[in-house]
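Chemist: Shown below is the structure under consideration.
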Amino acid sequence: RSYCEYCGQKLYWYDLIPIFSYFNLNGKCRFCHHQIRKMHPIVEFGSGILLVICFRLMGFSTMMIISYLIIEVLLIIGIIDYQTMRIYESVLLVLLLLVVVYRFFNRTAFNDMILGAIMISSLMIGVNFLVNDAFGFGDIELVVISGILLGWQLNLISFSLSVILASIYSLRLLLQGKCHLKSLIPFGPFLTLSMALVFLFGQDFLTIYLMVFS
């Protein structure tokens, strides 16, 4: 059962209704009255938007449900990594199982999945030999799963986009004096955001990529 992260009290079912419960409780725990983090309703609202997007793109189908679950797990991974700088193996395993099921229904060339899984991850491992702790092991595992999900072309685009987003974020922190050149930042949120975008709008990204680099 869900419980308050501050007082540990188990929550009633009617305190767990997305968005509604937050406003009904004025953003505070029913028991200890501690302020609930605003991240919770934001994530709930975002999850609802993602569900609508999946439905609009795919209609109500088995593929839509699987795709939505994949994106939700990506969202969870990104949030946890942002907060803790960790990507848990258990969550990655859930993501991998969903991706395998997705690939079972939406078959693609086996060579494309294998190349997608090893190409970028091998590059990240190579970079780690040159720059210590450049990428976390969880990041590398996430990119392997991304390659299976997207194939090598879209995985390349996804990784490139994540590097661009992470660079912009890091530059902003540097300019604000909130980090220095040797500071570590979570890369998972940028990987998961890029994966979700390319997963949903892959052909559009591929078209733009080919227009720019062809």
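All residue names refer to the structure tokens as shown: chains lettered A, B, ... in order, residues numbered from 1 in each chain, ligands numbered from 1 in order.
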Against segment 181-197 of chain A, which residues of segment 106-152 of chain A fall within 8 Å? For each one I want the closest pair of atoms and the distance in Å (one decimal), counting only C-alpha atoms, rows by chain and increasing residue number, as a tab-separated table.

Modeler:
```
residue	atom	partner	partner_atom	distance
A:Phe135	CA	A:Phe187	CA	7.7
A:Asp139	CA	A:Gly188	CA	6.1
A:Leu142	CA	A:Leu191	CA	7.9
A:Val143	CA	A:Leu191	CA	7.7
A:Ser146	CA	A:Met195	CA	6.8
```

Chemist: Tell me, as number ranges by chain, which residues lie within 12 Å of segment 101-105 of chain A, counting only C-alpha atoms; anything in the same chain fewer than 6 positions away does not count.

Modeler: A: 61-71, 94-95, 112-113, 145-151, 199

Chemist: Env of Ile120 of chain A: 10 Å cut, atoms = only C-alpha atoms, seq-sep filter 6 positions within chain, self excluded. Answer as a PyMOL selection string.

Modeler: chain A and resi 126+140+143-144+146-147+152+155-156+159-160

Chemist: Which residues are close to Leu25 of chain A, i.e. within 10 Å by only C-alpha atoms, leaving aside same-chain residues fewer than 6 positions away? Reply as a list in words.

Modeler: Asp15, His33, Gln35 and Ile36 of chain A

Chemist: Could you write out that same residue set with N, CA, C and O atoms as a PDB file, in the first residue's frame?

Modeler:
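Result written to result-v4.pdb:
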```pdb
ATOM      1  N   ASP A  15      -7.273   8.955  -1.270  1.00  0.00           N
ATOM      2  CA  ASP A  15      -6.190   9.939  -1.262  1.00  0.00           C
ATOM      3  C   ASP A  15      -5.191   9.679  -2.384  1.00  0.00           C
ATOM      4  O   ASP A  15      -4.170  10.366  -2.479  1.00  0.00           O
ATOM      5  N   HIS A  33       0.084  16.627   7.671  1.00  0.00           N
ATOM      6  CA  HIS A  33      -0.085  17.950   7.066  1.00  0.00           C
ATOM      7  C   HIS A  33       1.204  18.500   6.442  1.00  0.00           C
ATOM      8  O   HIS A  33       1.321  19.713   6.252  1.00  0.00           O
ATOM      9  N   GLN A  35       3.690  19.304   3.458  1.00  0.00           N
ATOM     10  CA  GLN A  35       3.440  19.666   2.068  1.00  0.00           C
ATOM     11  C   GLN A  35       3.864  18.517   1.141  1.00  0.00           C
ATOM     12  O   GLN A  35       4.983  18.011   1.236  1.00  0.00           O
ATOM     13  N   ILE A  36       2.972  18.111   0.262  1.00  0.00           N
ATOM     14  CA  ILE A  36       3.281  17.086  -0.734  1.00  0.00           C
ATOM     15  C   ILE A  36       4.046  17.740  -1.867  1.00  0.00           C
ATOM     16  O   ILE A  36       3.702  18.839  -2.314  1.00  0.00           O
TER      17      ILE A  36
END
```

Chemist: Show me, as a list in words, the residues that have an atom within 10 Å of Phe137 of chain A when counting only C-alpha atoms, minus same-chain residues fewer than 5 positions from it.

Modeler: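 My reading of the contact set: Arg86, Ile87, Ser121, Met124, Ile125, Asn128, Leu142 and Val143 of chain A.
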
Chemist: Write down as a PyMOL selection string the residues belonging to chain A that are assigned alpha helix (DSSP H) by DSSP computed on the backbone.

Modeler: chain A and resi 20-24+39-58+62-84+89-105+110-130+137-175+188-213
